[in-house]
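Worksheet for the structure shown next.
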Amino acid sequence: MGEQRGGNIDFGRKLWVVRVRDRVDGRIGIRTVGVCAALLAVTAVVSIVAVGTGDLYIPPNEVLAAVFGDAPRLTEIVVMEWRFPRVALAFLFGAALGVSGAVFQSLTRNPLGSPDIIGFGTGSYTGALVVILTLGGGYYRTGAGALVGGLATAAVVYLLAYRRGVQGFRLIIVGIAVSAVLASVNTWLVIRADLDDAIAAAVWGAGTLNGLGWSQVGPVLAVSVVIASCSAVLSRRLPMLEMGDDAARALGVRAEPTRLMLVFLGVALIAMVTAAAGPISFIALAAPQLARRLTGTSSVALMPAACMGALLLVVSDVVAQRVFAPTQLPVGVVTVSVGGAYFVWLLAREGRKQ
């Protein structure tokens with residue numbers, strides 16, 4: 001691997017060229033690597049603060065000692081068994097939402113093409129809600145319901161938006177309409193449910209990390225690694241799809257099968273988060289765009305979006321836990337409040353462009 005400026009081609013920014021067996025296998029922007037490293041460093045600092053604060057304050061050095069198994073038993077219990085799993089899940093969920101948002105914004109070629117805007121997140125919520133209210137919930141059953149709901153919604157939106165291919169703006173408009181219908185269905189389901197089930201569904205529907213622990217970390221980590229690996233392989237085709245289907249086909253990319261596989265992976269990430277923590281909005285919308293601005297690239301990329309999503313959700317969860325202590329807010333309330341302001345700014349910006 002060596003540094004150069006793209007050989008004889010000027011890409012406008014410094015790149016690392018990855019070579020395998022004397023063949024160029026990929027190019028990575030040096031600024032992108034630096035941004036990802038900085039985001040991960042800030043996330044690590046915020047995570048240490050999150051683990052160390054609360055009813056029992058633990059200094060950062062003791063937090064690190066507990067992580068490496070060199071702290072008193074009480075400190076180790078508080079850090080590793082009570083607080084660390086929540087931070088780890090916030091990191092994984094935020095990264096998953098960031099990747100999902102980057103995939104859909106790239107496919108639609110529009111910053112508003114986030115899965116929680118075009119209805120896939122709402123569809124996952126509907127599927128999980130049906131399972132909770134009819135089958136009594138359960139982690140894996142709820143996950144399956146969220147995945148089925150998200151995929152069914154994606155299929156409906158895709159078919160309704162298809163006209164000799166899928167155009168990004170039409171997909172967004174159809175998705176917003178389907179999302180509005182599903183939101184009405186969700187409200188009707190909660191109103192029709194028993195009081196206890198309705199309260200549980202409403203609390204879970206706000207998006208919260210309360211009550212999650214190590215039993216969720218293992219499955220979430222395994223699913224995240226599998227989906228992220230598949231997404232990374234397919235991500236090399238995203239820039240070609242952004243140039244249009246004709247250009248992608250000319251470069252040897254099968255546009256529709258690739259797009260369908262990416263839609264499935266993006267919906268699976270949203271379903272995973274929804275099944276465990278409920279719908280957490282606006283991370284998928286904001287993370288890819290904020291990361292793109294920091295890296296200075298012309299299109300969204302998966303790794304910076306994942307790092308930014310992880311940072312945003314870890315910070316949002318700290319705010320949800322600490323600002324109104326001892327009352328803990330659902331983290332979805334914080335992301336909606338912050339993301340709503342970002343959404344208004346983004347709409348105004350896109351309106352000025354038009």
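Lettering and numbering for the structure tokens are positional, with chains as A, B, ... in the shown order, residues counted from 1 in each chain, and ligands counted from 1 in the shown order.
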
Spatial neighbours of segment 282-295 of chain A, 8 Å, only C-alpha atoms, chain gap at least 2 places, as a PyMOL selection string: chain A and resi 31-32+35+94+97-102+111-117+280+297-302+304-306+308-309+312-313+335-336+339-340+342-343

Spatial neighbours of Asn61 of chain A, 12 Å, only C-alpha atoms, chain gap at least 2 places, as a list in words: Val45, Ile48, Val49, Val51, Gly52, Tyr57, Ile58, Pro59, Val63, Leu64, Ala65, Ala66, Val67, Phe68, Asp70, Ala71, Thr75 and Val79 of chain A

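Shell of segment 202-207 of chain A at 6 Å, with only C-alpha atoms counted and residues fewer than 6 places along the chain excluded, is Ala277, Gly278, Pro279, Ile280, Pro330 and Gly332 of chain A.
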
Residue selection dump (N, CA and C atoms) as a CSV table (one decimal), in the first residue's frame:
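For reference, again-v7.csv as written:
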```csv
chain,number,residue,atom,x,y,z
A,277,ALA,N,-34.3,-2.1,19.9
A,277,ALA,CA,-34.4,-0.9,20.7
A,277,ALA,C,-35.6,0.0,20.2
A,278,GLY,N,-36.4,-0.5,19.3
A,278,GLY,CA,-37.5,0.3,18.7
A,278,GLY,C,-37.0,1.3,17.7
A,279,PRO,N,-37.9,2.0,17.0
A,279,PRO,CA,-37.4,2.9,15.9
A,279,PRO,C,-36.6,4.1,16.5
A,280,ILE,N,-35.4,4.3,16.0
A,280,ILE,CA,-34.6,5.4,16.4
A,280,ILE,C,-34.4,6.2,15.1
A,330,PRO,N,-36.1,8.2,26.6
A,330,PRO,CA,-35.8,7.3,25.5
A,330,PRO,C,-34.8,8.0,24.6
A,332,GLY,N,-34.6,7.8,21.5
A,332,GLY,CA,-35.3,8.2,20.3
A,332,GLY,C,-35.9,9.6,20.4
```

Selection near Val273 of chain A, 12 Å with only C-alpha atoms, sequence-local residues under 6 positions removed, as an MDAnalysis selection string: chainID A and resid 89:98 100 121 124:125 128 139 142:144 146:147 150 204:205 207:209 212 216:217 219:221 223:224 266:267 279:281 283:284 313 332

Apply DSSP to the backbone of this structure and, from segment 200-342 of chain A, keep only the residues in alpha helix (DSSP H); write these as a short mmCIF file (atom, residue, chain, number, x, y, z; two decimals) with N, CA, C and O atoms, in the first residue's frame.
```cif
data_model
loop_
_atom_site.label_atom_id
_atom_site.label_comp_id
_atom_site.auth_asym_id
_atom_site.auth_seq_id
_atom_site.Cartn_x
_atom_site.Cartn_y
_atom_site.Cartn_z
N ALA A 200 -46.67 -0.65 26.86
CA ALA A 200 -45.37 -1.25 26.52
C ALA A 200 -44.97 -0.92 25.08
O ALA A 200 -43.81 -0.59 24.80
N ALA A 201 -45.94 -1.01 24.17
CA ALA A 201 -45.64 -0.71 22.76
C ALA A 201 -45.27 0.76 22.57
O ALA A 201 -44.38 1.08 21.78
N ALA A 202 -45.96 1.65 23.30
CA ALA A 202 -45.68 3.08 23.16
C ALA A 202 -44.28 3.41 23.68
O ALA A 202 -43.54 4.19 23.06
N VAL A 203 -43.90 2.82 24.85
CA VAL A 203 -42.56 3.07 25.40
C VAL A 203 -41.49 2.53 24.45
O VAL A 203 -40.50 3.20 24.14
N TRP A 204 -41.70 1.30 23.98
CA TRP A 204 -40.73 0.71 23.05
C TRP A 204 -40.70 1.48 21.74
O TRP A 204 -39.64 1.66 21.13
N GLY A 205 -41.86 1.99 21.31
CA GLY A 205 -41.93 2.72 20.05
C GLY A 205 -41.20 4.05 20.07
O GLY A 205 -40.94 4.63 19.01
N TRP A 214 -25.90 -7.61 27.86
CA TRP A 214 -25.01 -8.50 27.11
C TRP A 214 -25.78 -9.51 26.27
O TRP A 214 -25.27 -9.98 25.25
N SER A 215 -26.99 -9.90 26.70
CA SER A 215 -27.74 -10.90 25.93
C SER A 215 -28.10 -10.39 24.54
O SER A 215 -28.32 -11.19 23.62
N GLN A 216 -28.15 -9.06 24.36
CA GLN A 216 -28.41 -8.50 23.03
C GLN A 216 -27.12 -8.21 22.26
O GLN A 216 -27.14 -8.15 21.02
N VAL A 217 -26.01 -8.00 22.98
CA VAL A 217 -24.78 -7.58 22.30
C VAL A 217 -24.29 -8.65 21.34
O VAL A 217 -23.91 -8.36 20.19
N GLY A 218 -24.29 -9.92 21.78
CA GLY A 218 -23.78 -11.00 20.93
C GLY A 218 -24.52 -11.13 19.61
O GLY A 218 -23.89 -11.06 18.54
N PRO A 219 -25.86 -11.31 19.63
CA PRO A 219 -26.59 -11.41 18.36
C PRO A 219 -26.45 -10.17 17.48
O PRO A 219 -26.29 -10.29 16.25
N VAL A 220 -26.51 -8.99 18.10
CA VAL A 220 -26.39 -7.75 17.32
C VAL A 220 -25.02 -7.65 16.67
O VAL A 220 -24.90 -7.28 15.48
N LEU A 221 -23.97 -7.99 17.40
CA LEU A 221 -22.62 -7.93 16.85
C LEU A 221 -22.46 -8.92 15.69
O LEU A 221 -21.90 -8.57 14.63
N ALA A 222 -22.98 -10.14 15.88
CA ALA A 222 -22.86 -11.14 14.82
C ALA A 222 -23.59 -10.70 13.55
O ALA A 222 -23.03 -10.78 12.43
N VAL A 223 -24.83 -10.23 13.71
CA VAL A 223 -25.61 -9.79 12.54
C VAL A 223 -24.94 -8.58 11.88
O VAL A 223 -24.86 -8.49 10.64
N SER A 224 -24.44 -7.66 12.71
CA SER A 224 -23.80 -6.45 12.16
C SER A 224 -22.58 -6.80 11.33
O SER A 224 -22.35 -6.23 10.26
N VAL A 225 -21.75 -7.73 11.83
CA VAL A 225 -20.53 -8.10 11.10
C VAL A 225 -20.88 -8.72 9.75
O VAL A 225 -20.27 -8.40 8.72
N VAL A 226 -21.88 -9.61 9.74
CA VAL A 226 -22.26 -10.27 8.48
C VAL A 226 -22.79 -9.25 7.47
O VAL A 226 -22.35 -9.21 6.31
N ILE A 227 -23.74 -8.41 7.92
CA ILE A 227 -24.33 -7.45 6.99
C ILE A 227 -23.32 -6.39 6.56
O ILE A 227 -23.27 -6.01 5.38
N ALA A 228 -22.48 -5.93 7.50
CA ALA A 228 -21.48 -4.92 7.14
C ALA A 228 -20.48 -5.48 6.13
O ALA A 228 -20.04 -4.77 5.22
N SER A 229 -20.11 -6.75 6.28
CA SER A 229 -19.18 -7.36 5.33
C SER A 229 -19.79 -7.42 3.93
O SER A 229 -19.13 -7.08 2.94
N CYS A 230 -21.05 -7.86 3.86
CA CYS A 230 -21.72 -7.91 2.55
C CYS A 230 -21.86 -6.50 1.96
O CYS A 230 -21.65 -6.31 0.75
N SER A 231 -22.20 -5.53 2.81
CA SER A 231 -22.36 -4.15 2.33
C SER A 231 -21.04 -3.60 1.83
O SER A 231 -21.00 -2.88 0.83
N ALA A 232 -19.94 -3.93 2.52
CA ALA A 232 -18.63 -3.43 2.09
C ALA A 232 -18.26 -3.97 0.72
O ALA A 232 -17.68 -3.27 -0.11
N VAL A 233 -18.60 -5.24 0.48
CA VAL A 233 -18.31 -5.83 -0.83
C VAL A 233 -19.10 -5.13 -1.93
O VAL A 233 -18.56 -4.79 -3.00
N LEU A 234 -20.38 -4.88 -1.67
CA LEU A 234 -21.24 -4.26 -2.68
C LEU A 234 -21.03 -2.75 -2.79
O LEU A 234 -21.44 -2.14 -3.78
N SER A 235 -20.41 -2.15 -1.76
CA SER A 235 -20.29 -0.68 -1.75
C SER A 235 -19.45 -0.17 -2.91
O SER A 235 -19.58 0.99 -3.32
N LEU A 238 -21.62 1.12 -5.60
CA LEU A 238 -22.50 2.28 -5.37
C LEU A 238 -22.13 3.48 -6.23
O LEU A 238 -23.02 4.12 -6.82
N PRO A 239 -20.84 3.87 -6.32
CA PRO A 239 -20.52 5.02 -7.18
C PRO A 239 -20.94 4.82 -8.63
O PRO A 239 -21.29 5.79 -9.31
N MET A 240 -20.88 3.56 -9.10
CA MET A 240 -21.30 3.30 -10.48
C MET A 240 -22.80 3.44 -10.63
O MET A 240 -23.30 3.98 -11.63
N LEU A 241 -23.57 2.97 -9.62
CA LEU A 241 -25.02 3.15 -9.67
C LEU A 241 -25.41 4.62 -9.60
O LEU A 241 -26.42 5.03 -10.18
N GLU A 242 -24.60 5.42 -8.87
CA GLU A 242 -24.90 6.86 -8.77
C GLU A 242 -24.77 7.55 -10.12
O GLU A 242 -25.37 8.61 -10.34
N ASP A 245 -28.16 3.95 -14.34
CA ASP A 245 -28.18 2.52 -14.69
C ASP A 245 -27.43 2.24 -15.98
O ASP A 245 -26.72 1.23 -16.10
N ASP A 246 -27.59 3.11 -16.98
CA ASP A 246 -26.92 2.86 -18.25
C ASP A 246 -25.40 2.87 -18.09
O ASP A 246 -24.70 1.99 -18.62
N ALA A 247 -24.90 3.84 -17.35
CA ALA A 247 -23.45 3.90 -17.13
C ALA A 247 -22.98 2.71 -16.30
O ALA A 247 -21.91 2.14 -16.56
N ALA A 248 -23.79 2.32 -15.29
CA ALA A 248 -23.41 1.17 -14.46
C ALA A 248 -23.34 -0.10 -15.29
O ALA A 248 -22.40 -0.90 -15.16
N ARG A 249 -24.34 -0.30 -16.16
CA ARG A 249 -24.33 -1.51 -17.02
C ARG A 249 -23.14 -1.48 -17.97
O ARG A 249 -22.53 -2.52 -18.24
N ALA A 250 -22.81 -0.29 -18.46
CA ALA A 250 -21.65 -0.19 -19.35
C ALA A 250 -20.35 -0.56 -18.65
O ALA A 250 -19.40 -1.03 -19.28
N ALA A 255 -27.43 -3.66 -12.64
CA ALA A 255 -27.99 -2.59 -11.81
C ALA A 255 -29.10 -3.08 -10.88
O ALA A 255 -29.03 -2.88 -9.67
N GLU A 256 -30.14 -3.72 -11.43
CA GLU A 256 -31.30 -4.07 -10.60
C GLU A 256 -30.98 -5.12 -9.54
O GLU A 256 -31.35 -4.96 -8.38
N PRO A 257 -30.30 -6.24 -9.88
CA PRO A 257 -29.94 -7.19 -8.82
C PRO A 257 -29.07 -6.57 -7.72
O PRO A 257 -29.26 -6.84 -6.54
N THR A 258 -28.11 -5.73 -8.13
CA THR A 258 -27.26 -5.08 -7.13
C THR A 258 -28.08 -4.15 -6.24
O THR A 258 -27.91 -4.12 -5.01
N ARG A 259 -28.99 -3.39 -6.84
CA ARG A 259 -29.83 -2.47 -6.07
C ARG A 259 -30.72 -3.25 -5.09
O ARG A 259 -30.87 -2.85 -3.93
N LEU A 260 -31.29 -4.36 -5.54
CA LEU A 260 -32.15 -5.15 -4.66
C LEU A 260 -31.36 -5.73 -3.49
O LEU A 260 -31.85 -5.75 -2.35
N MET A 261 -30.15 -6.21 -3.75
CA MET A 261 -29.33 -6.74 -2.66
C MET A 261 -28.99 -5.65 -1.65
O MET A 261 -29.02 -5.88 -0.42
N LEU A 262 -28.68 -4.46 -2.13
CA LEU A 262 -28.35 -3.36 -1.22
C LEU A 262 -29.58 -2.93 -0.43
O LEU A 262 -29.48 -2.60 0.76
N VAL A 263 -30.76 -2.91 -1.07
CA VAL A 263 -31.99 -2.59 -0.35
C VAL A 263 -32.23 -3.61 0.77
O VAL A 263 -32.57 -3.25 1.90
N PHE A 264 -32.04 -4.90 0.47
CA PHE A 264 -32.22 -5.94 1.49
C PHE A 264 -31.27 -5.71 2.66
O PHE A 264 -31.69 -5.79 3.84
N LEU A 265 -30.00 -5.43 2.39
CA LEU A 265 -29.03 -5.23 3.47
C LEU A 265 -29.38 -3.99 4.30
O LEU A 265 -29.29 -4.01 5.54
N GLY A 266 -29.78 -2.92 3.62
CA GLY A 266 -30.15 -1.70 4.36
C GLY A 266 -31.36 -1.90 5.23
O GLY A 266 -31.39 -1.45 6.39
N VAL A 267 -32.36 -2.60 4.72
CA VAL A 267 -33.56 -2.88 5.52
C VAL A 267 -33.22 -3.81 6.68
O VAL A 267 -33.73 -3.65 7.80
N ALA A 268 -32.34 -4.79 6.45
CA ALA A 268 -31.95 -5.70 7.53
C ALA A 268 -31.29 -4.95 8.68
O ALA A 268 -31.52 -5.27 9.86
N LEU A 269 -30.48 -3.95 8.37
CA LEU A 269 -29.85 -3.16 9.42
C LEU A 269 -30.89 -2.38 10.22
O LEU A 269 -30.85 -2.32 11.46
N ILE A 270 -31.84 -1.77 9.52
CA ILE A 270 -32.90 -1.03 10.21
C ILE A 270 -33.74 -1.98 11.07
O ILE A 270 -34.09 -1.67 12.22
N ALA A 271 -34.05 -3.17 10.52
CA ALA A 271 -34.86 -4.14 11.27
C ALA A 271 -34.15 -4.60 12.52
O ALA A 271 -34.78 -4.80 13.58
N MET A 272 -32.84 -4.80 12.43
CA MET A 272 -32.07 -5.24 13.60
C MET A 272 -32.17 -4.22 14.74
O MET A 272 -32.40 -4.57 15.90
N VAL A 273 -32.00 -2.95 14.40
CA VAL A 273 -32.08 -1.90 15.42
C VAL A 273 -33.50 -1.80 15.97
O VAL A 273 -33.70 -1.72 17.19
N THR A 274 -34.48 -1.84 15.08
CA THR A 274 -35.88 -1.70 15.51
C THR A 274 -36.30 -2.85 16.42
O THR A 274 -37.01 -2.65 17.41
N ALA A 275 -35.84 -4.07 16.10
CA ALA A 275 -36.22 -5.23 16.91
C ALA A 275 -35.71 -5.11 18.34
O ALA A 275 -36.38 -5.52 19.28
N ALA A 276 -34.51 -4.57 18.51
CA ALA A 276 -33.90 -4.53 19.84
C ALA A 276 -34.25 -3.27 20.62
O ALA A 276 -34.43 -3.34 21.85
N ALA A 277 -34.32 -2.14 19.94
CA ALA A 277 -34.42 -0.87 20.66
C ALA A 277 -35.62 -0.02 20.23
O ALA A 277 -35.84 1.04 20.80
N ILE A 283 -30.86 9.34 12.80
CA ILE A 283 -29.43 9.02 12.72
C ILE A 283 -29.06 8.62 11.29
O ILE A 283 -28.04 9.06 10.74
N ALA A 284 -29.91 7.79 10.68
CA ALA A 284 -29.65 7.35 9.30
C ALA A 284 -29.70 8.53 8.33
O ALA A 284 -29.07 8.49 7.27
N LEU A 285 -30.47 9.56 8.65
CA LEU A 285 -30.57 10.73 7.78
C LEU A 285 -29.34 11.63 7.91
O LEU A 285 -28.77 12.06 6.90
N ALA A 286 -28.94 11.90 9.15
CA ALA A 286 -27.92 12.92 9.38
C ALA A 286 -26.50 12.38 9.24
O ALA A 286 -25.62 13.08 8.72
N ALA A 287 -26.25 11.15 9.71
CA ALA A 287 -24.87 10.65 9.78
C ALA A 287 -24.16 10.65 8.42
O ALA A 287 -23.02 11.14 8.32
N PRO A 288 -24.76 10.10 7.35
CA PRO A 288 -24.03 10.08 6.06
C PRO A 288 -23.70 11.48 5.54
O PRO A 288 -22.61 11.70 4.99
N GLN A 289 -24.62 12.43 5.70
CA GLN A 289 -24.39 13.77 5.19
C GLN A 289 -23.33 14.52 6.00
O GLN A 289 -22.48 15.22 5.44
N LEU A 290 -23.36 14.37 7.32
CA LEU A 290 -22.34 15.00 8.15
C LEU A 290 -20.96 14.41 7.84
O LEU A 290 -19.96 15.14 7.75
N ALA A 291 -20.91 13.08 7.68
CA ALA A 291 -19.64 12.43 7.35
C ALA A 291 -19.12 12.88 5.99
O ALA A 291 -17.92 13.09 5.81
N ARG A 292 -20.03 13.01 5.03
CA ARG A 292 -19.61 13.44 3.69
C ARG A 292 -19.00 14.83 3.72
O ARG A 292 -18.02 15.12 3.04
N ARG A 293 -19.59 15.72 4.52
CA ARG A 293 -19.05 17.07 4.62
C ARG A 293 -17.68 17.08 5.28
O ARG A 293 -16.79 17.86 4.92
N LEU A 294 -17.49 16.23 6.29
CA LEU A 294 -16.19 16.18 6.95
C LEU A 294 -15.11 15.59 6.04
O LEU A 294 -13.97 16.07 6.04
N THR A 295 -15.47 14.56 5.27
CA THR A 295 -14.47 13.93 4.41
C THR A 295 -14.24 14.69 3.11
O THR A 295 -13.24 14.48 2.43
N LEU A 302 -19.59 4.37 3.25
CA LEU A 302 -20.14 3.59 4.35
C LEU A 302 -19.35 3.76 5.65
O LEU A 302 -19.95 3.94 6.71
N MET A 303 -18.03 3.67 5.58
CA MET A 303 -17.25 3.69 6.83
C MET A 303 -17.37 5.01 7.58
O MET A 303 -17.63 5.02 8.79
N PRO A 304 -17.18 6.18 6.91
CA PRO A 304 -17.38 7.44 7.65
C PRO A 304 -18.80 7.58 8.19
O PRO A 304 -19.00 8.09 9.30
N ALA A 305 -19.80 7.11 7.41
CA ALA A 305 -21.20 7.18 7.90
C ALA A 305 -21.38 6.32 9.13
O ALA A 305 -22.09 6.70 10.07
N ALA A 306 -20.75 5.13 9.15
CA ALA A 306 -20.85 4.26 10.32
C ALA A 306 -20.22 4.91 11.55
O ALA A 306 -20.80 4.88 12.65
N CYS A 307 -19.04 5.50 11.37
CA CYS A 307 -18.37 6.15 12.50
C CYS A 307 -19.18 7.34 13.03
O CYS A 307 -19.32 7.53 14.24
N MET A 308 -19.73 8.14 12.10
CA MET A 308 -20.52 9.29 12.52
C MET A 308 -21.82 8.84 13.21
O MET A 308 -22.24 9.41 14.21
N GLY A 309 -22.47 7.80 12.66
CA GLY A 309 -23.69 7.30 13.28
C GLY A 309 -23.43 6.80 14.69
O GLY A 309 -24.23 7.03 15.60
N ALA A 310 -22.31 6.08 14.88
CA ALA A 310 -21.97 5.59 16.21
C ALA A 310 -21.77 6.75 17.18
O ALA A 310 -22.27 6.71 18.31
N LEU A 311 -21.05 7.78 16.74
CA LEU A 311 -20.82 8.93 17.62
C LEU A 311 -22.14 9.62 17.98
O LEU A 311 -22.38 9.96 19.15
N LEU A 312 -22.99 9.85 16.98
CA LEU A 312 -24.25 10.55 17.23
C LEU A 312 -25.13 9.80 18.23
O LEU A 312 -25.72 10.41 19.13
N LEU A 313 -25.21 8.47 18.10
CA LEU A 313 -26.10 7.73 18.99
C LEU A 313 -25.51 7.60 20.39
O LEU A 313 -26.25 7.67 21.38
N VAL A 314 -24.19 7.44 20.50
CA VAL A 314 -23.57 7.39 21.84
C VAL A 314 -23.78 8.72 22.56
O VAL A 314 -24.15 8.75 23.74
N VAL A 315 -23.56 9.83 21.86
CA VAL A 315 -23.77 11.15 22.47
C VAL A 315 -25.24 11.35 22.83
O VAL A 315 -25.58 11.84 23.92
N SER A 316 -26.15 10.96 21.93
CA SER A 316 -27.59 11.13 22.20
C SER A 316 -28.01 10.31 23.41
O SER A 316 -28.84 10.77 24.21
N ASP A 317 -27.44 9.11 23.57
CA ASP A 317 -27.81 8.30 24.72
C ASP A 317 -27.29 8.89 26.02
O ASP A 317 -27.95 8.79 27.06
N VAL A 318 -26.11 9.50 25.98
CA VAL A 318 -25.60 10.18 27.18
C VAL A 318 -26.53 11.33 27.56
O VAL A 318 -26.86 11.51 28.74
N VAL A 319 -26.95 12.09 26.57
CA VAL A 319 -27.88 13.21 26.83
C VAL A 319 -29.20 12.66 27.41
O VAL A 319 -29.75 13.21 28.38
N ALA A 320 -29.70 11.57 26.82
CA ALA A 320 -30.97 11.00 27.29
C ALA A 320 -30.88 10.52 28.73
O ALA A 320 -31.85 10.60 29.49
N GLN A 321 -29.71 10.04 29.13
CA GLN A 321 -29.56 9.51 30.48
C GLN A 321 -29.26 10.58 31.51
O GLN A 321 -29.69 10.47 32.67
N ARG A 322 -28.50 11.61 31.14
CA ARG A 322 -27.92 12.51 32.14
C ARG A 322 -28.62 13.87 32.26
O ARG A 322 -28.63 14.44 33.34
N VAL A 331 -33.84 7.29 24.08
CA VAL A 331 -32.86 7.95 23.22
C VAL A 331 -33.51 8.43 21.93
O VAL A 331 -33.06 9.42 21.31
N GLY A 332 -34.61 7.77 21.52
CA GLY A 332 -35.30 8.21 20.32
C GLY A 332 -35.87 9.61 20.43
O GLY A 332 -35.99 10.33 19.43
N VAL A 333 -36.20 10.03 21.66
CA VAL A 333 -36.70 11.40 21.86
C VAL A 333 -35.61 12.41 21.55
O VAL A 333 -35.84 13.46 20.93
N VAL A 334 -34.38 12.10 21.98
CA VAL A 334 -33.25 13.02 21.73
C VAL A 334 -32.92 13.07 20.24
O VAL A 334 -32.71 14.15 19.67
N THR A 335 -32.86 11.90 19.60
CA THR A 335 -32.51 11.91 18.16
C THR A 335 -33.57 12.61 17.32
O THR A 335 -33.24 13.28 16.34
N VAL A 336 -34.85 12.46 17.71
CA VAL A 336 -35.90 13.15 16.98
C VAL A 336 -35.78 14.67 17.16
O VAL A 336 -35.94 15.44 16.20
N SER A 337 -35.47 15.10 18.39
CA SER A 337 -35.36 16.54 18.65
C SER A 337 -34.20 17.16 17.86
O SER A 337 -34.35 18.21 17.22
N VAL A 338 -33.04 16.51 17.93
CA VAL A 338 -31.87 17.05 17.22
C VAL A 338 -32.03 16.84 15.71
O VAL A 338 -31.77 17.75 14.91
N GLY A 339 -32.46 15.64 15.33
CA GLY A 339 -32.59 15.34 13.91
C GLY A 339 -33.69 16.14 13.23
O GLY A 339 -33.59 16.43 12.05
N GLY A 340 -34.73 16.49 13.98
CA GLY A 340 -35.79 17.30 13.39
C GLY A 340 -35.28 18.65 12.94
O GLY A 340 -35.61 19.13 11.85
N ALA A 341 -34.44 19.27 13.78
CA ALA A 341 -33.85 20.55 13.41
C ALA A 341 -32.96 20.39 12.18
O ALA A 341 -32.98 21.22 11.25
N TYR A 342 -32.19 19.29 12.14
CA TYR A 342 -31.33 19.04 10.97
C TYR A 342 -32.18 18.81 9.73
O TYR A 342 -31.85 19.28 8.64
#
```

Shell around Val131 of chain A at 7 Å using only C-alpha atoms, local window under 3 positions removed, as a VMD selection string: chain A and resid 127 to 128 134 to 137 141 to 142 145

Residues near Leu182 of chain A, cut-off 7 Å, only C-alpha atoms, skip fewer than 6 positions along chain, as a list in words: Thr122, Gly123 and Thr126 of chain A

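Between Val87 of chain A and the candidates A:Ala37, A:Leu159, A:Val174, A:Thr43, the tightest atom-to-atom separation, counting only C-alpha atoms, involves A:Thr43.
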
Option closest in space to Gln167 of chain A, from A:Leu107, A:Ala198, A:Leu56, A:Ala154 [counting only C-alpha atoms]: A:Leu107

Nearest candidate to Ala155 of chain A (options A:Leu74, A:Leu251, A:Val178, A:Ile173; using only C-alpha atoms): A:Val178
